[in-house]
Structure formats: C-alpha cells, structure tokens
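Chemist: Sharing upload-v6.txt below, compact mmCIF, C-alpha atoms:
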# COMPACT_ATOMS: atom_id res chain seq x y z
CA MET A 1 24.89 49.73 48.61
CA LYS A 2 21.87 48.34 50.36
CA ILE A 3 18.44 49.00 48.94
CA SER A 4 15.52 48.31 51.24
CA LYS A 5 13.11 45.63 50.07
CA ALA A 6 10.25 48.12 49.79
CA MET A 7 12.29 50.40 47.53
CA LYS A 8 13.50 47.66 45.16
CA PRO A 9 10.71 47.73 42.55
CA TYR A 10 11.05 51.52 42.30
CA PHE A 11 14.84 51.55 42.21
CA PHE A 12 15.19 48.81 39.59
CA GLY A 13 12.17 50.12 37.69
CA ALA A 14 13.91 53.49 37.41
CA ALA A 15 17.11 51.73 36.35
CA ALA A 16 15.13 49.94 33.62
CA GLY A 17 13.74 53.30 32.48
CA LEU A 18 17.28 54.69 32.17
CA LEU A 19 18.32 51.51 30.33
CA LEU A 20 15.46 51.99 27.87
CA THR A 21 16.58 55.58 27.31
CA ALA A 22 20.18 54.47 26.70
CA SER A 23 19.00 51.73 24.33
CA VAL A 24 16.97 54.21 22.28
CA ALA A 25 19.87 56.69 22.23
CA ILE A 26 22.54 54.15 21.26
CA GLU A 27 20.72 51.62 19.08
CA GLY A 28 17.33 53.22 18.43
CA GLN A 29 15.80 50.10 19.99
CA PHE A 30 12.76 50.05 22.26
CA PHE A 31 12.19 46.95 24.41
CA GLY A 32 9.99 44.16 23.15
CA THR A 33 9.98 40.38 23.47
CA SER A 34 6.82 38.80 22.09
CA THR A 35 7.75 38.83 18.37
CA THR A 36 10.65 36.53 19.16
CA PHE A 37 8.26 33.69 20.11
CA PRO A 38 6.62 33.30 16.66
CA ARG A 39 10.02 33.80 15.05
CA PHE A 40 11.50 30.99 17.14
CA ALA A 41 8.48 28.71 16.62
CA THR A 42 8.63 29.15 12.83
CA LEU A 43 12.39 28.51 12.91
CA VAL A 44 11.71 25.20 14.68
CA LEU A 45 9.03 24.29 12.11
CA ASP A 46 11.38 25.15 9.24
CA THR A 47 14.13 23.07 10.80
CA ILE A 48 11.95 19.98 11.14
CA GLY A 49 10.78 20.41 7.57
CA VAL A 50 7.26 21.84 7.98
CA ASP A 51 6.78 24.13 5.00
CA LEU A 52 4.47 27.06 5.71
CA SER A 53 6.14 29.43 3.27
CA SER A 54 2.92 29.92 1.31
CA THR A 55 1.06 31.41 4.29
CA ALA A 56 0.37 35.14 4.57
CA PHE A 57 2.32 35.21 7.82
CA TYR A 58 5.51 34.05 6.09
CA GLN A 59 5.07 36.49 3.25
CA ALA A 60 4.17 39.53 5.33
CA ARG A 61 6.85 42.21 5.76
CA GLU A 62 9.31 40.30 3.57
CA GLY A 63 9.37 37.36 5.97
CA SER A 64 10.55 39.42 8.93
CA LEU A 65 7.84 37.99 11.20
CA THR A 66 9.46 34.54 10.95
CA GLY A 67 12.74 33.00 12.01
CA ALA A 68 14.30 34.45 8.85
CA ALA A 69 14.78 37.66 10.86
CA PHE A 70 17.24 35.91 13.22
CA PRO A 71 19.73 36.76 14.52
CA ASN A 72 18.47 40.22 15.41
CA TRP A 73 18.58 42.69 18.28
CA GLN A 74 15.43 41.35 19.97
CA LEU A 75 16.59 37.70 19.96
CA LEU A 76 19.80 38.69 21.72
CA PHE A 77 17.82 40.94 24.09
CA VAL A 78 15.60 37.98 25.08
CA ILE A 79 18.61 35.65 25.52
CA GLY A 80 20.21 38.41 27.59
CA ILE A 81 17.21 38.57 29.94
CA GLY A 82 17.75 34.89 30.69
CA LEU A 83 21.50 35.30 31.23
CA GLY A 84 21.09 38.40 33.39
CA ALA A 85 18.38 36.81 35.53
CA PHE A 86 20.50 33.67 35.97
CA VAL A 87 23.65 35.53 37.04
CA SER A 88 21.68 37.89 39.29
CA ALA A 89 19.83 35.00 40.96
CA LYS A 90 23.03 33.00 41.50
CA LEU A 91 25.03 35.94 42.87
CA SER A 92 22.26 37.07 45.22
CA GLY A 93 21.48 33.54 46.40
CA THR A 94 17.88 33.75 45.18
CA PHE A 95 18.19 31.01 42.54
CA LYS A 96 15.59 28.46 43.55
CA ARG A 97 14.44 25.29 41.85
CA GLU A 98 10.69 24.90 41.83
CA ASP A 99 8.50 22.20 40.28
CA LEU A 100 5.29 24.23 40.48
CA PRO A 101 4.50 27.80 41.58
CA PRO A 102 3.44 27.74 45.29
CA MET A 103 0.40 29.95 44.66
CA TRP A 104 -0.73 27.61 41.89
CA VAL A 105 -0.32 24.55 44.17
CA GLU A 106 -2.39 26.25 46.88
CA ARG A 107 -5.32 26.51 44.47
CA PHE A 108 -4.89 23.71 41.92
CA GLY A 109 -2.91 21.07 43.79
CA THR A 110 0.34 19.32 42.93
CA SER A 111 -0.58 17.72 39.61
CA VAL A 112 2.10 18.64 37.10
CA GLN A 113 -0.07 17.36 34.28
CA LYS A 114 -2.80 19.85 35.18
CA ARG A 115 -0.28 22.68 35.11
CA ILE A 116 0.97 21.54 31.68
CA TRP A 117 -2.51 21.58 30.11
CA TRP A 118 -3.36 24.95 31.62
CA SER A 119 0.03 26.32 30.54
CA LEU A 120 -0.50 25.25 26.94
CA LEU A 121 -3.91 26.92 26.93
CA GLY A 122 -2.73 30.04 28.77
CA GLY A 123 0.45 30.34 26.74
CA THR A 124 -1.54 30.12 23.53
CA LEU A 125 -3.97 32.83 24.66
CA ALA A 126 -1.09 35.02 25.83
CA ILE A 127 0.92 34.97 22.61
CA VAL A 128 -2.08 35.12 20.27
CA GLY A 129 -3.39 38.06 22.32
CA ALA A 130 -0.03 39.84 22.46
CA ARG A 131 0.60 39.50 18.72
CA MET A 132 -2.97 40.56 17.96
CA ALA A 133 -2.65 43.61 20.23
CA GLY A 134 0.73 44.42 18.71
CA GLY A 135 2.81 43.91 21.83
CA CYS A 136 3.21 42.47 25.33
CA PRO A 137 3.82 44.21 28.70
CA SER A 138 7.34 45.12 27.56
CA GLY A 139 6.53 46.17 23.99
CA HIS A 140 3.22 47.88 24.64
CA GLY A 141 3.55 48.42 28.38
CA ILE A 142 7.05 49.76 28.88
CA SER A 143 8.06 50.88 25.39
CA GLY A 144 4.67 51.91 24.05
CA LEU A 145 3.57 53.85 27.10
CA SER A 146 6.95 55.58 27.37
CA GLN A 147 6.14 56.91 23.90
CA LEU A 148 2.74 57.97 25.29
CA GLY A 149 0.92 55.88 22.69
CA LEU A 150 -2.85 55.76 22.98
CA SER A 151 -2.79 52.20 21.58
CA SER A 152 -0.41 51.10 24.35
CA PHE A 153 -2.48 52.81 27.03
CA ILE A 154 -5.52 50.84 25.85
CA ALA A 155 -3.55 47.60 25.43
CA LEU A 156 -2.01 47.75 28.92
CA SER A 157 -5.41 48.55 30.46
CA MET A 158 -6.88 45.54 28.65
CA PHE A 159 -3.99 43.28 29.77
CA PHE A 160 -4.83 44.10 33.38
CA ALA A 161 -8.60 44.00 32.82
CA GLY A 162 -8.32 40.51 31.28
CA GLY A 163 -5.86 39.42 33.94
CA ILE A 164 -7.86 40.67 36.92
CA LEU A 165 -11.08 39.17 35.57
CA THR A 166 -9.51 35.79 34.78
CA SER A 167 -7.67 35.54 38.09
CA ARG A 168 -10.95 36.32 39.90
CA ILE A 169 -12.55 33.37 38.15
CA LEU A 170 -9.53 31.08 38.59
CA TYR A 171 -8.85 31.97 42.21
CA LYS A 172 -12.49 32.47 43.22
CA GLY A 173 -12.83 36.14 44.06
CA GLY A 174 -9.38 36.60 45.47
CA GLN A 175 -9.86 34.41 48.53
CA ALA A 176 -7.04 31.96 49.12
CA MET B 1 27.53 45.36 17.02
CA THR B 2 23.74 45.63 17.19
CA LEU B 3 23.63 42.03 18.41
CA VAL B 4 26.22 42.60 21.14
CA ILE B 5 24.41 45.72 22.34
CA GLY B 6 21.12 43.78 22.29
CA LEU B 7 22.69 41.09 24.48
CA ILE B 8 24.16 43.59 26.95
CA THR B 9 20.84 45.47 27.16
CA GLY B 10 19.03 42.18 27.79
CA VAL B 11 21.48 41.09 30.48
CA LEU B 12 21.04 44.37 32.37
CA PHE B 13 17.25 44.23 32.00
CA GLY B 14 17.34 40.63 33.25
CA VAL B 15 19.34 41.68 36.32
CA PHE B 16 16.90 44.53 37.08
CA LEU B 17 13.85 42.27 36.67
CA GLN B 18 15.41 39.60 38.88
CA GLN B 19 16.53 42.03 41.59
CA ALA B 20 13.09 43.69 41.65
CA GLU B 21 11.59 40.18 42.15
CA VAL B 22 9.08 40.71 39.35
CA LEU B 23 9.95 37.42 37.64
CA ARG B 24 7.89 35.42 40.12
CA PHE B 25 4.52 33.82 39.50
CA GLU B 26 3.34 35.06 42.91
CA LYS B 27 4.18 38.67 42.04
CA GLN B 28 2.54 38.53 38.62
CA VAL B 29 -0.66 36.75 39.65
CA GLY B 30 -0.50 38.65 42.96
CA ALA B 31 -0.94 41.90 41.04
CA MET B 32 -3.90 40.52 39.13
CA ARG B 33 -5.43 39.35 42.40
CA LEU B 34 -4.80 42.88 43.72
CA ARG B 35 -2.69 41.60 46.61
CA ASP B 36 0.85 42.57 45.69
CA MET B 37 1.57 45.52 43.43
CA THR B 38 5.31 44.90 43.00
CA ILE B 39 5.09 44.51 39.21
CA VAL B 40 2.92 47.61 38.87
CA LYS B 41 5.45 49.65 40.86
CA PHE B 42 8.27 48.38 38.67
CA MET B 43 6.43 48.90 35.42
CA LEU B 44 5.10 52.38 36.17
CA THR B 45 8.49 53.60 37.43
CA THR B 46 10.09 52.28 34.24
CA ILE B 47 7.43 53.99 32.13
CA VAL B 48 7.72 57.36 33.92
CA VAL B 49 11.55 57.42 33.78
CA GLY B 50 11.50 55.98 30.24
CA SER B 51 9.03 58.59 28.97
CA VAL B 52 11.13 61.44 30.39
CA GLY B 53 14.20 59.85 28.77
CA VAL B 54 12.86 59.12 25.31
CA TYR B 55 11.01 62.43 24.97
CA PHE B 56 14.15 64.27 26.08
CA LEU B 57 16.03 62.41 23.31
CA SER B 58 13.28 63.29 20.89
CA ASP B 59 13.32 66.99 21.89
CA ILE B 60 17.07 67.30 21.33
CA GLY B 61 16.77 65.46 18.03
CA ILE B 62 18.59 62.21 18.90
CA ALA B 63 15.60 59.88 18.64
CA GLU B 64 12.63 59.77 16.35
CA PHE B 65 9.62 57.57 16.96
CA SER B 66 5.88 57.38 16.64
CA PRO B 67 3.61 55.29 18.87
CA ARG B 68 2.30 51.93 17.68
CA GLY B 69 -0.82 52.14 15.55
CA LEU B 70 -4.17 52.26 17.29
CA SER B 71 -6.70 49.57 16.41
CA LEU B 72 -9.48 49.24 18.94
CA GLY B 73 -10.20 45.72 17.64
CA SER B 74 -6.62 44.56 18.02
CA GLN B 75 -5.87 46.20 21.33
CA ILE B 76 -9.16 45.42 23.05
CA ILE B 77 -9.67 41.84 21.84
CA GLY B 78 -5.95 41.00 21.78
CA GLY B 79 -5.40 42.74 25.10
CA LEU B 80 -8.18 40.84 26.86
CA LEU B 81 -7.00 37.51 25.39
CA PHE B 82 -3.45 38.27 26.52
CA GLY B 83 -4.70 39.18 29.99
CA ALA B 84 -6.59 35.90 30.31
CA GLY B 85 -3.52 33.92 29.24
CA TRP B 86 -1.27 35.99 31.51
CA ALA B 87 -3.44 35.21 34.55
CA ILE B 88 -3.34 31.48 33.76
CA ILE B 89 0.39 31.12 33.10
CA GLY B 90 1.52 33.83 35.54
CA TYR B 91 4.17 35.25 33.23
CA CYS B 92 4.46 37.52 30.24
CA PRO B 93 6.81 36.60 27.37
CA GLY B 94 9.82 38.46 28.77
CA THR B 95 9.46 37.39 32.39
CA SER B 96 8.91 33.73 31.43
CA ILE B 97 12.49 33.52 30.14
CA GLY B 98 13.85 35.25 33.24
CA SER B 99 11.84 33.03 35.56
CA LEU B 100 13.17 29.86 33.93
CA ALA B 101 16.70 31.24 34.36
CA GLU B 102 15.93 31.91 38.04
CA GLY B 103 15.49 28.17 38.53
CA ARG B 104 11.73 27.95 38.20
CA GLY B 105 11.77 24.95 35.88
CA HIS B 106 7.98 24.86 35.62
CA THR B 107 8.11 27.97 33.43
CA ILE B 108 9.09 25.68 30.54
CA TRP B 109 5.38 24.76 30.21
CA PRO B 110 4.13 28.33 29.66
CA ILE B 111 7.05 28.90 27.26
CA LEU B 112 6.03 25.81 25.26
CA GLY B 113 2.45 27.09 25.41
CA MET B 114 3.55 30.41 23.93
CA LEU B 115 5.46 28.62 21.16
CA LEU B 116 2.35 26.55 20.44
CA GLY B 117 0.32 29.78 20.43
CA SER B 118 2.82 31.23 17.98
CA ILE B 119 1.97 28.50 15.47
CA VAL B 120 -1.74 29.09 16.08
CA PHE B 121 -1.12 32.77 15.38
CA VAL B 122 0.53 31.97 12.02
CA PHE B 123 -2.81 30.51 10.90
CA LEU B 124 -4.89 33.24 12.55
CA TYR B 125 -2.76 35.98 10.97
CA PRO B 126 -4.92 36.61 7.87
CA PHE B 127 -8.02 36.86 10.08
CA VAL B 128 -6.27 39.27 12.46
CA VAL B 129 -5.02 41.47 9.62
CA ASN B 130 -8.22 41.46 7.58
CA VAL B 131 -10.93 41.37 10.24
CA ILE B 132 -9.66 42.40 13.69
CA ASN B 133 -7.13 45.09 12.82
CA PRO B 134 -9.48 47.24 10.69
CA ILE B 135 -11.94 47.57 13.61
CA GLY B 136 -11.54 51.11 14.94
CA ASN B 137 -8.21 51.63 13.19
CA PHE B 138 -6.90 55.16 13.68
CA GLY B 139 -3.16 54.78 12.98
CA SER B 140 -0.49 56.20 15.28
CA ILE B 141 -2.02 58.45 17.95
CA SER B 142 -0.27 59.73 21.06
CA LEU B 143 -1.98 60.74 24.28
CA HIS B 144 -0.80 64.35 23.89
CA GLY B 145 -1.81 64.36 20.22
CA LEU B 146 -5.29 63.20 21.18
CA LEU B 147 -5.62 65.85 23.89
CA GLY B 148 -3.86 68.52 21.83
CA ILE B 149 -1.38 69.39 24.59
CA ASN B 150 2.39 69.35 25.08
CA HIS B 151 3.93 65.91 25.77
CA TRP B 152 5.64 67.13 28.95
CA PHE B 153 2.27 67.93 30.44
CA VAL B 154 1.13 64.31 29.88
CA ILE B 155 4.40 63.02 31.35
CA ALA B 156 3.92 65.25 34.43
CA VAL B 157 0.38 63.94 34.93
CA LEU B 158 1.66 60.37 34.49
CA ALA B 159 4.42 60.95 37.06
CA ILE B 160 2.18 62.65 39.63
CA GLY B 161 -0.56 60.04 39.15
CA SER B 162 1.99 57.26 39.65
CA ILE B 163 3.29 58.83 42.87
CA PHE B 164 -0.24 59.02 44.31
CA LEU B 165 -0.84 55.40 43.30
CA PHE B 166 2.46 54.31 44.90
CA ARG B 167 1.55 56.11 48.14
CA ALA B 168 -1.80 54.34 48.17
CA PHE B 169 -0.09 50.97 47.60
CA GLU B 170 2.45 51.56 50.38
CA ARG B 171 -0.25 52.70 52.85
CA ARG B 172 -2.19 49.52 52.22
CA GLY B 173 0.90 47.31 52.35
CA LEU B 174 0.45 46.13 48.78
Would you mind writing the file's structure down as structure tokens?

Modeler:
Amino acid sequence: MKISKAMKPYFFGAAAGLLLTASVAIEGQFFGTSTTFPRFATLVLDTIGVDLSSTAFYQAREGSLTGAAFPNWQLLFVIGIGLGAFVSAKLSGTFKREDLPPMWVERFGTSVQKRIWWSLLGGTLAIVGARMAGGCPSGHGISGLSQLGLSSFIALSMFFAGGILTSRILYKGGQA
Amino acid sequence: MTLVIGLITGVLFGVFLQQAEVLRFEKQVGAMRLRDMTIVKFMLTTIVVGSVGVYFLSDIGIAEFSPRGLSLGSQIIGGLLFGAGWAIIGYCPGTSIGSLAEGRGHTIWPILGMLLGSIVFVFLYPFVVNVINPIGNFGSISLHGLLGINHWFVIAVLAIGSIFLFRAFERRGL
C-alpha cells in the first residue's frame, strides 16, 4: 500500500486515534509521556544516593510521582515509542544520523556547545511547564482533547501560543 | 500483561509518529513558525478520531473517564512555559524519545534538559500545588459540559473545523 506524502500525517494521525481508542478499551489507558521524565530523574537520584524522600513531591500520591511507580504502563509506552520509531526508520530507510538539527544550524550556527546550553534551558522549561499544566502534547493534547476537556483545550492553545511567540523571537519573525 | 500491552501500544505509536514524519525538529519548529503544519494535521486527526472512539466506548459503557482538572493558573502559566521550552528544544517529551531513536543523536541534549527540569520541578512542586494550581481552579470540566450540549455535537464541530483548517493548510501548501 502506498500512501502519498501529503496524506501521511492524516493517515497515521487517524491510525493513532484508533490506537488510542483500542488502548482505552483494552487497558483503560490514555496516552501520556511527561510524567515518566520526573519518575526517571528521581530514580537516577535515588540510585546515586541523593535522598529527597522528605520532599512534598516524594510524599505526594503515595510516592507515585517518583521512580517508585516503575515499572508501569507509561514507562513501557515511552520505551515502545523509541523502539517503534527505530524499527520504522530502519525499515523505511529514513534513519539518519544528525549532529545538530539543520534548521537550528541555519539560525544558530554549528556550535554544539550552544545547542547544549539552550537544550538544558529549553528542556527545563518544557518539563516544568508540562508538569505544571498537568500534561504535554500527548497527555493534554491528544488524550485530554479527545476527552473534550476544557483544561486540555486551554493547555494546548497555550502550548502553541508560547511556542509561536518564542519561535518568533528566536527565529526573528519567521524569516530564515 | 499491562506492561506488555503498554510496550506494544508504544511501539505502534512510535511507528505512526515516525511514518508521519512528526518526530523531526524541522516539523515541530516549522509548525511554530507557521511554515509546515504536518504536526498539527497529525495531532488534530488523532484527536478527532480519538474523540469519536473514546466517546463511543463511553456511550456503550466500556470506558469511564473525566477530563483533567481545570486550573487556569496551571494551564496558562505551565502551558506558556512549556511552549517556550518546546520552541527552543524542538521536541515534546514523547517525540524526543522517537527522534533519538530515528538517529538524531542531538536529541540527547533536550532529553537531558528535561531530566534536569524534572529535578527542578521536584523543588517547585510545593509552590505549584499551593500557589499556581489554586488560581482559577474549577475541577474537571468538559467542553460540552461548559456549553451544556451533547458531546457528539462538540465532536462534530471539532471534526468540521479540522477539515476546514486542513483544506486551508493544503491550499497554502503548508
């Protein structure tokens, strides 16, 4: 079966919608990924002996916000995304090694160090923002809006508002 | 069994994301720069099909759910912060993993950034819970609940609105 390039985002988007439906029917699980990041980070801290067990974060919801919740459905879901993307990229010949994103290089040059500092800042903003909002584009966007949640409608609008505004500043009004 | 099903679901989702080409920095930042709407097409199609699916399950009594709680403070402040970070790193949490698996080794930096941010969040947590979350907190509210109409009507509007948006994107070559 050959799907035209223009139809791909619609076709695979619809497939993802059916997958979400099946997941809810079979396991009662909606998609979400961002909670796994703090869980993994706290697991790393615990492993290297940093004791944060007295913090409110560790005590909230019987510790389920931390690595203590592993292994759970969402961890395996996130690992699966990596596996699926890898196999799909290899089989379709679209696996490509890249040291920096081309669009980033066009604007910020080839300094890897610059990308690292920006990534640490951006990554911090992204996960703090997602956890504060109660979800990321999969949790709030796909799962939350499929449930027609007002909170998710606002969150997704804000994700794009923040993104559009920031990219305008970063990439100077959209001109290359 | 839950774990195995989680893995299988993730693998399929990973394949769909990769095939739709939404794992790429250029597609993500391209949408925010209003140049390439690939991720919006993917996301909206998933949401429309997903909403029909999960509300069908709910109507026949197979699934039960209520939308995530509404807190204007959390969703507006958190949402804008996330958006700013998203524009900088060019990935969301889910797509960052997929992008790394697609060979884009540079995605390791945003992933480390998100793990660093996770630790920052551990310390911000009391502030978020006690100060941000109570701002405009209304609990779980759905769009149809707010408007006082049937959920299928909202889904129909969502679907028709998406189709008009998709036509506009295709006409403009986005």

Chemist: Tell me which protein, DNA and RNA residues are within 9 Å of A:Gly63, counting all atoms listed in the file, leaving out same-chain ones fewer than 6 positions away, and put them as a list in words.

Modeler: Ser53, Phe57 and Ala69 of chain A

Chemist: Based on the selection just made, write C-alpha atoms of those residues as a PDB file, keeping the file's coordinate frame.

Modeler:
ATOM      1  CA  SER A  53       6.140  29.430   3.270  1.00  0.00           C
ATOM      2  CA  PHE A  57       2.320  35.210   7.820  1.00  0.00           C
ATOM      3  CA  ALA A  69      14.780  37.660  10.860  1.00  0.00           C
TER       4      ALA A  69
END

Chemist: Provide as a PyMOL selection string the residues of chain B at most 6 Å from chain A, counting only C-alpha atoms.

Modeler: chain B and resi 3+6-7+10-11+14-16+18+20+32-33+41-42+45-47+49-51+53-54+67+70+74-75+78-89+93-94+97-98+101-104+106+109-110+113-115+117-118+121-122+141-143

Chemist: Quick one: axis-aligned box around all listed atoms of stretch 58-76 of chain B, 6 Å on every side, centre and edge lengths in Å to one decimal, written as JSON.

Modeler:
{"center_x": 4.2, "center_y": 55.9, "center_z": 19.3, "size_x": 40.8, "size_y": 34.7, "size_z": 19.5}

Chemist: Looking at only C-alpha atoms, which of B:Leu100, B:Leu174, B:Ile76, B:Leu57 is the one that sits closest to B:Gly136?

Modeler: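 Between B:Leu100, B:Leu174, B:Ile76, B:Leu57, the residue approaching B:Gly136 most closely is B:Ile76.
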
Chemist: When you look at B:Phe153 with a cut-off of 12 Å (counting only C-alpha atoms), what residues show up, excluding the ones that are within fewer than 5 positions of it in the same chain? I need them as JSON, numbers by chain.

Modeler: {"A": [148], "B": [51, 52, 55, 143, 144, 145, 147, 148, 158, 159, 160]}

Chemist: For atom CA of B:Phe25 and atom CA of B:Ile108, determine how far apart the two atoms are, in Å to one decimal place.

Modeler: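 So the two atoms, atom CA of B:Phe25 and atom CA of B:Ile108, lie 12.9 Å apart.
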
Chemist: Quick one: pull the distance between atom CA of B:Phe166 and atom CA of B:Leu44, Å, one decimal.

Modeler: 9.3 Å

Chemist: Would you compute the distance between atom CA of B:Lys27 and atom CA of B:Ile77? Give it in Å to one decimal.

Modeler: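 Answer for the atom CA of B:Lys27 to atom CA of B:Ile77 separation: 24.7 Å.
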